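Asks: Shown below is the structure under consideration.
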Amino acid sequence: MVMHDVANVTSTGHTIHHTMDRANTDPSTPMYSNVLGRAFAAQSKEYGLPADAQEHNRLNAQHNMIKALIDGLYFPPDLVKKALDPTDSSKRRGVMDVGAGSGIWAVEMAKEFPSAEVVGMDLVYPANLTETLPNCRFEIGDANLDWGRYAEAFDVVHMRSVATGIKDFKALLHNVAQTLRSQGVILLVSPILRFYSETKELLQDQVEGMPGWSAMAAFHAISSQATMKRGGSGFAICDYWVEWLTEMPFYTNVGERDFWIPIGPWKEGLDESERAAAELLRQVASEVISPMTLRLLEGGYDEDLIDRWAVEGDADDGTENVYDMEVRLGDEVSGAVVSAMKPVSGRKKVQRD
C-alpha cells in the first residue's frame, strides 16, 4: 500500500489536504491519460467515461437525480439504518462507496452517519471536493483487483453506475460478500439505458429510419458494444443482478425497485420530485454524449455516423417529448439484497428434502 499526502486544488479554488491511499493499483502508473482533450483514468482501460472536474459535475447532477427519485441517499432505508446502527455493535460501523466518482455520496453519508467510517474508492481522487470530514476518506483503487484488505470491514457497500468499468460483475458480487460483515447490506444502483416512447414501447436501435428507431437508443447501443470490447460489462448487466444475488449463498432478502423517468419534465402528472429528477436526467443524458463520442472515435467507429447520431440523440433528449429512460435501483444489502443483505452466518441455509 502506498500513501501520499496531497494538496488538491479544486476547480472552485479550494485547497484540500488529504491522504491518498493507492489501495491496489500500481503507483508507477500515471493517474490520468488524455483522450482528445479530456482526462480519463489511466489505471483502467475498461471504464469509458472521463475522470475530470467536468465529469464529476455531471455525476453530482446524477446523484441529485437519484436522491430525488428514492427520497434520500439509499433504499431501502430500514436495512441501511439497521446495518449502521451504532448501538448494535462493538465495532465502528463502516461504509464503502465503490466507484465514488465526485465523492458526493460518500461525504453526504458521512454527514448522515457521523459515527460510521466512510471510505470512497475510485480510480482517481474526487476532482471538485471542497470539504473533508473526519469520518470520510478516499482511496485510489480498482474494483477489479484484490479486495483481501477489506475482509469483513464494512456494513454497507454501495455501487452506483460502475458496471461499465467492471470486467466480471458476478465475481465482484462475490468479493463484496467477503467484504461485508454479518447482516451487512449491498446497494446496487444503475440506470438501464433502454429508451421508450410515451406509451412505453421500446425504441429500437437497429434499422435507422424505420418506425420506432431512435438515434439515442442506437448511440447507446454501440456505446455498450464499445464498453464490452474494452473489457467492461455492457449496459444491460444489471438485468442479472437479482438472479445472481438470489443464487449466491452469501446474500438474502434480495429486493428490487424500478423507476420510470422521462428525459426532461415534459410528461404530465409528475410530482415535484419526479419533475426535478426528469430535469436532472435531461442534463445528465445530454452531458454524457460528448465523452462517449470521444471513446467511440478512439475505438475506430465511423466518425460521420457517430456525429450524426450524437446530434440527433441530443436533440431527442432536449426537444422532443418521446423518451423515457428506465432507471433500476438495485439495492443490495448484507444478509439480503438489489436491495440485499448478508446472512448472520455468512451463508444462507440450504433447504434439504
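Identifiers in the C-alpha cells: chain A, B, ... in order shown; residue index from 1 per chain; ligand index from 1 in order shown.
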From a DSSP pass on the backbone, collect the residues of stretch 183-309 of chain A flagged as strand (DSSP E or B) and hand them back as a ChimeraX atom specification.
Replies: /A:183-196,202,204,213,252,257-262
Asks: Taking only stretch 84-177 of chain A into account, list the residues labelled alpha helix (DSSP H) by DSSP (computed from the backbone), as a list in words.
Replies: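 Taking stretch 84-177 of chain A and keeping alpha helix (DSSP H) only, one gets Ile104, Trp105, Ala106, Val107, Glu108, Met109, Ala110, Lys111, Glu112, Phe169, Lys170, Ala171, Leu172, Leu173, His174, Asn175, Val176 and Ala177 of chain A.
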Asks: Provide the atom CA of A:Ser115 to atom CA of A:Glu256 distance in Å, to one decimal place.
Replies: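 Computing the Euclidean distance for atom CA of A:Ser115 and atom CA of A:Glu256 yields 28.3 Å.
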Asks: Return the single residue from A:Ala110, A:Leu280, A:Ala218, A:Cys238 that is closest to A:His63, with distances computed using only C-alpha atoms.
Replies: A:Leu280
Asks: Neighbouring residues of A:Ala226 were defined as those with any atom within 10 Å, considering only C-alpha atoms; residues of the same chain fewer than 2 positions away were excluded. Please report them as a PyMOL selection string.
Replies: chain A and resi 46+48+164+220-224+228-232+234+292+295-296+299-301
Asks: So, counting only C-alpha atoms, which residue among A:Ile289, A:Leu294, A:Leu187, A:Val95 is closest to A:Gly37?
Replies: A:Leu294
Asks: Just to confirm, what's the straight-line distance from atom CA of A:Ser161 to atom CA of A:Val189 in Å (one decimal)?
Replies: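 Here the two named atoms are 6.3 Å from each other.
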Asks: Skipping near chain neighbours, those fewer than 5 positions away, what residues fall within 8 Å of A:His56 using only C-alpha atoms, listed as an mmCIF file with C-alpha atoms, in the first residue's frame?
Replies:
data_model
loop_
_atom_site.group_PDB
_atom_site.id
_atom_site.type_symbol
_atom_site.label_atom_id
_atom_site.label_comp_id
_atom_site.auth_asym_id
_atom_site.auth_seq_id
_atom_site.Cartn_x
_atom_site.Cartn_y
_atom_site.Cartn_z
ATOM 1 C CA ALA A 51 -12.392 11.377 -14.609
ATOM 2 C CA GLY A 101 -16.686 9.473 -8.555
ATOM 3 C CA SER A 102 -17.118 13.042 -7.312
ATOM 4 C CA PRO A 126 -12.626 13.401 -6.484
ATOM 5 C CA ALA A 127 -11.886 16.428 -8.647
ATOM 6 C CA ASN A 128 -14.203 19.019 -7.073
#
